[in-house]
Every structure is written in structure tokens, then in C-alpha cells.
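S.K.: Contents of data30.txt (compact mmCIF, C-alpha atoms) are given next:
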# COMPACT_ATOMS: atom_id res chain seq x y z
CA ALA A 1179 -8.82 66.24 -6.35
CA GLN A 1180 -12.54 66.30 -5.82
CA ARG A 1181 -13.99 64.29 -2.97
CA VAL A 1182 -17.37 63.79 -1.35
CA THR A 1183 -17.64 62.68 2.27
CA GLN A 1184 -20.73 61.25 3.90
CA PRO A 1185 -19.67 60.58 7.48
CA GLU A 1186 -22.60 58.36 8.48
CA LYS A 1187 -23.04 54.88 7.03
CA LEU A 1188 -26.37 54.48 8.79
CA LEU A 1189 -28.90 56.91 10.20
CA SER A 1190 -31.83 55.48 12.12
CA VAL A 1191 -34.75 57.69 13.18
CA PHE A 1192 -38.38 57.32 14.22
CA LYS A 1193 -41.24 58.38 12.01
CA GLY A 1194 -41.97 62.07 12.44
CA ALA A 1195 -38.46 62.93 13.64
CA PRO A 1196 -36.29 65.44 11.77
CA VAL A 1197 -33.62 64.06 9.49
CA GLU A 1198 -30.28 65.50 8.42
CA LEU A 1199 -27.95 63.53 6.19
CA LYS A 1200 -24.53 65.12 6.11
CA CYS A 1201 -22.42 65.73 3.04
CA ASN A 1202 -19.13 67.59 2.79
CA TYR A 1203 -17.11 68.07 -0.34
CA SER A 1204 -13.73 69.25 -1.49
CA TYR A 1205 -13.41 70.86 -4.89
CA SER A 1206 -11.35 73.76 -6.13
CA GLY A 1207 -13.87 75.27 -8.55
CA SER A 1208 -17.62 75.78 -8.51
CA PRO A 1209 -19.21 72.36 -8.37
CA GLU A 1210 -22.75 71.27 -8.91
CA LEU A 1211 -24.08 69.23 -5.99
CA PHE A 1212 -26.69 66.51 -6.10
CA TRP A 1213 -28.49 64.06 -3.87
CA TYR A 1214 -29.39 60.68 -5.34
CA VAL A 1215 -31.63 58.11 -3.68
CA GLN A 1216 -31.89 54.36 -4.13
CA TYR A 1217 -34.98 52.69 -2.71
CA SER A 1218 -34.90 48.97 -2.07
CA ARG A 1219 -34.57 47.01 -5.34
CA GLN A 1220 -34.88 50.14 -7.44
CA ARG A 1221 -32.42 52.06 -9.53
CA LEU A 1222 -30.52 55.12 -8.42
CA GLN A 1223 -32.53 58.26 -9.10
CA LEU A 1224 -31.94 61.96 -8.77
CA LEU A 1225 -33.58 63.51 -5.71
CA LEU A 1226 -32.22 67.07 -5.71
CA ARG A 1227 -29.71 69.29 -7.43
CA HIS A 1228 -28.56 72.45 -5.72
CA ILE A 1229 -29.08 74.77 -8.67
CA SER A 1230 -32.79 74.00 -8.84
CA ARG A 1231 -33.39 74.95 -5.19
CA GLU A 1232 -36.45 72.69 -5.04
CA SER A 1233 -38.05 70.74 -2.26
CA ILE A 1234 -38.68 67.15 -3.36
CA LYS A 1235 -40.71 64.77 -1.16
CA GLY A 1236 -40.22 67.27 1.66
CA PHE A 1237 -36.41 67.15 1.37
CA THR A 1238 -34.29 70.26 0.97
CA ALA A 1239 -30.55 70.82 0.70
CA ASP A 1240 -28.64 74.06 0.89
CA LEU A 1241 -25.19 74.52 -0.54
CA ASN A 1242 -22.90 76.16 2.04
CA LYS A 1243 -19.74 77.16 0.20
CA GLY A 1244 -18.06 78.42 3.36
CA GLU A 1245 -18.42 75.05 5.08
CA THR A 1246 -18.27 73.12 1.80
CA SER A 1247 -21.38 71.24 2.80
CA PHE A 1248 -24.61 70.16 1.15
CA HIS A 1249 -26.61 68.51 3.93
CA LEU A 1250 -29.97 66.94 3.11
CA LYS A 1251 -32.80 67.75 5.51
CA LYS A 1252 -36.39 66.82 6.11
CA PRO A 1253 -38.40 68.10 9.09
CA PHE A 1254 -40.59 65.00 9.55
CA ALA A 1255 -39.31 61.63 8.35
CA GLN A 1256 -41.70 59.07 6.84
CA GLU A 1257 -41.26 55.31 6.68
CA GLU A 1258 -41.18 55.47 2.89
CA ASP A 1259 -38.06 57.65 3.12
CA SER A 1260 -36.05 54.58 4.13
CA ALA A 1261 -33.44 54.20 1.41
CA MET A 1262 -29.79 54.66 0.53
CA TYR A 1263 -28.84 58.29 -0.09
CA TYR A 1264 -25.79 59.37 -2.07
CA CYS A 1265 -24.36 62.85 -2.27
CA ALA A 1266 -22.53 63.64 -5.51
CA LEU A 1267 -20.74 66.48 -7.18
CA SER A 1268 -20.01 67.38 -10.75
CA ASP A 1269 -17.76 69.84 -12.45
CA SER A 1270 -20.51 72.04 -13.84
CA GLY A 1271 -18.89 72.12 -17.24
CA TYR A 1272 -18.17 68.44 -17.51
CA SER A 1273 -20.87 66.25 -16.09
CA THR A 1274 -19.21 63.13 -14.68
CA LEU A 1275 -20.21 62.55 -11.07
CA THR A 1276 -18.13 61.97 -7.94
CA PHE A 1277 -20.13 60.12 -5.31
CA GLY A 1278 -19.89 59.77 -1.57
CA LYS A 1279 -20.11 56.32 0.01
CA GLY A 1280 -23.75 56.75 0.85
CA THR A 1281 -25.87 56.87 3.99
CA MET A 1282 -28.57 54.33 4.69
CA LEU A 1283 -31.60 56.03 6.22
CA LEU A 1284 -33.91 53.79 8.25
CA VAL A 1285 -37.19 55.27 9.45
CA SER A 1286 -38.96 53.16 12.06
CA PRO A 1287 -42.66 53.38 12.90
CA ASN B 1345 -39.50 54.64 -22.56
CA ALA B 1346 -38.17 51.69 -20.60
CA GLY B 1347 -35.32 53.63 -19.03
CA VAL B 1348 -31.69 52.61 -19.03
CA MET B 1349 -31.47 48.85 -19.43
CA GLN B 1350 -28.51 46.85 -18.24
CA ASN B 1351 -27.98 43.17 -18.74
CA PRO B 1352 -27.33 40.81 -17.33
CA ARG B 1353 -28.43 41.81 -13.83
CA HIS B 1354 -26.15 39.22 -12.31
CA LEU B 1355 -23.05 37.70 -13.86
CA VAL B 1356 -20.79 35.03 -12.41
CA ARG B 1357 -17.40 34.43 -13.96
CA ARG B 1358 -14.44 32.28 -13.04
CA ARG B 1359 -11.05 33.90 -12.67
CA GLY B 1360 -9.47 34.38 -16.08
CA GLN B 1361 -12.72 34.50 -18.04
CA GLU B 1362 -14.11 37.51 -19.86
CA ALA B 1363 -17.09 39.55 -18.67
CA ARG B 1364 -19.28 41.57 -21.04
CA LEU B 1365 -21.72 44.02 -19.54
CA ARG B 1366 -24.33 45.71 -21.72
CA CYS B 1367 -26.07 49.02 -21.37
CA SER B 1368 -28.89 50.30 -23.56
CA PRO B 1369 -29.39 54.02 -22.88
CA MET B 1370 -32.72 55.73 -22.82
CA LYS B 1371 -34.17 56.47 -26.23
CA GLY B 1372 -32.59 59.57 -27.69
CA HIS B 1373 -29.66 59.58 -25.27
CA SER B 1374 -26.22 59.61 -26.85
CA HIS B 1375 -24.11 60.14 -23.70
CA VAL B 1376 -23.27 57.05 -21.64
CA TYR B 1377 -21.33 56.77 -18.38
CA TRP B 1378 -20.09 53.67 -16.60
CA TYR B 1379 -19.56 53.58 -12.84
CA ARG B 1380 -18.27 50.84 -10.57
CA GLN B 1381 -19.31 50.29 -6.97
CA LEU B 1382 -17.06 48.11 -4.85
CA PRO B 1383 -18.48 46.73 -1.60
CA GLU B 1384 -18.91 49.43 1.06
CA GLU B 1385 -17.89 52.13 -1.41
CA GLY B 1386 -19.61 54.84 -3.41
CA LEU B 1387 -19.96 54.73 -7.16
CA LYS B 1388 -16.70 55.54 -8.94
CA PHE B 1389 -16.61 56.96 -12.45
CA MET B 1390 -14.96 54.74 -15.03
CA VAL B 1391 -15.64 56.00 -18.56
CA TYR B 1392 -17.76 58.48 -20.50
CA LEU B 1393 -18.74 57.69 -24.09
CA GLN B 1394 -20.65 59.41 -26.79
CA LYS B 1395 -21.75 57.49 -29.87
CA GLU B 1396 -18.63 55.83 -31.31
CA ASN B 1397 -16.29 58.01 -29.21
CA ILE B 1398 -14.61 57.68 -25.84
CA ILE B 1399 -14.74 61.15 -24.27
CA ASP B 1400 -13.11 60.42 -20.91
CA GLU B 1401 -11.65 57.12 -19.72
CA SER B 1402 -9.69 58.54 -16.80
CA GLY B 1403 -11.40 56.19 -14.35
CA MET B 1404 -10.74 53.00 -16.28
CA PRO B 1405 -8.05 50.60 -15.08
CA LYS B 1406 -5.19 50.65 -17.56
CA GLU B 1407 -5.32 46.95 -18.33
CA ARG B 1408 -8.05 44.40 -19.06
CA PHE B 1409 -10.91 46.94 -19.18
CA SER B 1410 -12.36 48.44 -22.34
CA ALA B 1411 -15.60 50.13 -23.34
CA GLU B 1412 -17.37 50.93 -26.55
CA PHE B 1413 -20.59 52.57 -27.68
CA PRO B 1414 -21.14 51.69 -31.32
CA LYS B 1415 -23.35 53.56 -33.73
CA GLU B 1416 -25.92 50.81 -33.45
CA GLY B 1417 -26.55 48.73 -30.37
CA PRO B 1418 -25.78 48.97 -26.69
CA SER B 1419 -22.68 50.21 -24.93
CA ILE B 1420 -20.43 47.35 -23.83
CA LEU B 1421 -18.05 47.28 -20.88
CA ARG B 1422 -15.61 44.44 -21.37
CA ILE B 1423 -13.37 43.01 -18.68
CA GLN B 1424 -10.81 40.49 -19.82
CA GLN B 1425 -9.18 37.87 -17.58
CA VAL B 1426 -11.32 38.79 -14.58
CA VAL B 1427 -9.87 38.65 -11.07
CA ARG B 1428 -11.64 38.49 -7.71
CA GLY B 1429 -11.08 42.22 -7.21
CA ASP B 1430 -13.32 42.93 -10.22
CA SER B 1431 -16.33 41.70 -8.23
CA ALA B 1432 -18.54 44.75 -7.93
CA ALA B 1433 -21.75 46.36 -9.12
CA TYR B 1434 -21.37 48.13 -12.45
CA PHE B 1435 -23.81 50.93 -13.22
CA CYS B 1436 -24.53 52.65 -16.46
CA ALA B 1437 -26.11 56.11 -16.79
CA SER B 1438 -27.27 58.04 -19.83
CA ARG B 1439 -28.33 61.56 -20.65
CA ASP B 1440 -29.33 63.34 -23.83
CA ARG B 1441 -26.76 66.12 -23.38
CA PRO B 1442 -24.29 67.31 -20.72
CA ASN B 1443 -25.61 69.07 -17.64
CA THR B 1444 -29.03 67.46 -17.83
CA GLU B 1445 -30.24 64.74 -15.49
CA ALA B 1446 -28.42 61.44 -15.79
CA PHE B 1447 -30.65 58.36 -15.61
CA PHE B 1448 -29.20 55.20 -14.14
CA GLY B 1449 -29.71 51.56 -14.96
CA GLN B 1450 -30.29 48.95 -12.28
CA GLY B 1451 -26.72 47.75 -12.51
CA THR B 1452 -24.94 44.48 -13.21
CA ARG B 1453 -23.58 42.64 -10.21
CA LEU B 1454 -20.42 40.81 -11.25
CA THR B 1455 -19.12 38.03 -9.05
CA VAL B 1456 -15.77 36.45 -9.81
CA VAL B 1457 -15.26 33.02 -8.30
For this file, produce the structure as C-alpha cells.

M.R.:
Amino acid sequence: AQRVTQPEKLLSVFKGAPVELKCNYSYSGSPELFWYVQYSRQRLQLLLRHISRESIKGFTADLNKGETSFHLKKPFAQEEDSAMYYCALSDSGYSTLTFGKGTMLLVSP
Amino acid sequence: NAGVMQNPRHLVRRRGQEARLRCSPMKGHSHVYWYRQLPEEGLKFMVYLQKENIIDESGMPKERFSAEFPKEGPSILRIQQVVRGDSAAYFCASRDRPNTEAFFGQGTRLTVV
């Protein structure tokens, strides 16, 4: 069975500090991995997908198949990064998403 | 394009009543997904529909829950005889074809009293 684990419910950092939101997964095939973000009172939106290898809003995520991880990183956190972050995976051929429980990121001034 | 629209945003039902949740996908999108988020949990897949067809309902509870996506009109998630455990946020997502970005609605928060 596929599963996504986000071990931290809450991550609190100061502005300018590095951020790493952890995500581990279990899946027998070759999944697609995603990070979704939900800002306060807004809808869930896609932040990153591993196949695009982009940096969005300064965030990057590298898929590590050996460690089955897809951690989200940003070198210098900004206050506007405060949000709920969800890691998700999809069977690349199928397209339904399995989500982790989410990590709330709070960036203080 | 207004994005994925869900209504109502908040719904209160007494135990035993029926709840109807609506989802209008983005224009041109024919693939709709429903997810449920229980308190302190991540979103859990319920059902995947394409116009007039249920593609995958493996996440749907076996009883009381049904979903449809008619040729015309929004997708409907219907919960009959609601119980307190049905209280959750229900999210709808749409995409124009598989393996493209899924766009989410703002969700319907169902409270059963």
C-alpha cells in the first residue's frame, strides 16, 4: 500500500533561517511526488512536482529513491511562506493522489 | 476562469439527514476527484469520475455515500443518513486529462450535529 509520512505537524522558524520539511513515502513502483501548499483561507495549490525539477518561490525538493524521501527545502524562509504544506504521491499512470497529514510552517519575524 | 467551485462552503446537518456537496470543475475539465479530510488527517481519496462515469470509487465508504458527474451540471457527492463521523472537509479537484496539474476547490466543511 502506498503511504506518505510527514513526521512534523508544526515547524516554526525565524525569518531568514533555512527550512526543511520532511516527507517520506512507501510505494512499490515509480511514483510521482508533489508538494502542495495551502495559505490561510486559500485553496490547496500545487507548489512542486518532482519531474519538473523546478524551484518555485525559492523552494526545491529532490527525490531520493534510496531513502524514499522528497524533502522540501528553502535556504532563507520568508514570513509569507507561513502555510500548511502537504506532500503527496501519485501512481504516474493513474493520477489519484495520496497525501501526508501535512506540516504547518510558521515563519516569525 | 473562476477555478474549481464548491458549494456550499459550510454545511450543517443533523444526524440522519442527507448532505449534498457540489463541485463545478474548471472550464474544459472532465476529470473530477473527491477527497475527504478528517480532523488532524491528510486528504484521503474517495472517488474519481469522468463525465457520466465512475472511474475509481475505491476510497468511498461502501454504504451511504454516492457520487455522480452528469453530462450537464456539477459533480455531486451525496451522503445519506449522516453520522457524526462524517464531519470533515470535503475537497474536489479537477484536471483536463490525467497526469496534468489537478486544481482544487476551497472545500465544503460538513458538520453533523

S.K.: Near chain A, meaning an atom within 7 Å, which residues of chain B appear when counting only C-alpha atoms? Write them as a list in words.

M.R.: Glu1385, Gly1386, Leu1387, Lys1388, Phe1389, Pro1442, Asn1443, Phe1447, Phe1448, Gly1449 and Gln1450 of chain B

S.K.: Do you have the CA of Ala1255 (chain A)-CA of Phe1237 (chain A) distance handy?

M.R.: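 Separation of CA of Ala1255 (chain A) and CA of Phe1237 (chain A): 9.4 Å.
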
S.K.: State, in Å with one decimal place, the distance from CA of Asn1351 (chain B) to CA of His1373 (chain B).

M.R.: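 Pair CA of Asn1351 (chain B) / CA of His1373 (chain B) returns 17.7 Å.
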
S.K.: Can you pull out every residue within 8 Å of Lys1395 (chain B), counting only C-alpha atoms, but drop anything in the same chain fewer than 2 positions away, and send it as an MDAnalysis selection string?

M.R.: chainID B and resid 1374:1375 1393 1397 1413:1415

S.K.: What is the distance between CA of Gln1350 (chain B) and CA of Ile1234 (chain A), in Å to one decimal?

M.R.: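 Computing the Euclidean distance for CA of Gln1350 (chain B) and CA of Ile1234 (chain A) yields 27.1 Å.
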
S.K.: Can you list, as a ChimeraX atom specification, every protein, DNA or RNA residue that comes within 8 Å of Ala1446 (chain B) when you count all atoms listed in the file, leaving out same-chain residues fewer than 4 positions away?

M.R.: /A:1224 /B:1437-1439

S.K.: Tell me which protein, DNA and RNA residues are within 12 Å of Ser1402 (chain B), counting all atoms listed in the file, leaving out same-chain ones fewer than 2 positions away, and put them as a list of chain:residue names.

M.R.: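 Residues meeting the cut-off are A:Thr1274, B:Tyr1377, B:Trp1378, B:Tyr1379, B:Lys1388, B:Phe1389, B:Met1390, B:Val1391, B:Tyr1392, B:Leu1393, B:Ile1398, B:Ile1399, B:Asp1400, B:Met1404, B:Pro1405, B:Lys1406, B:Phe1409, B:Ser1410.
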
S.K.: Between B:Leu1382, B:Val1426, B:Ala1411, B:Val1348, single out the one closest to Ala1363 (chain B), counting all atoms listed in the file.

M.R.: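 Answer, going by the shortest atom-to-atom distance: B:Val1426.
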
S.K.: Neighbouring residues of Pro1287 (chain A) were defined as those with any atom within 7 Å, considering only C-alpha atoms; residues of the same chain fewer than 2 positions away were excluded. Please report them as a ChimeraX atom specification.

M.R.: /A:1192-1193,1257,1285

S.K.: Looking at all atoms listed in the file, which of B:Gly1347, B:Glu1384, B:Cys1367, B:Gly1360 is the one that sits closest to Ile1423 (chain B)?

M.R.: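 The answer is B:Gly1360, which sits nearest to Ile1423 (chain B).
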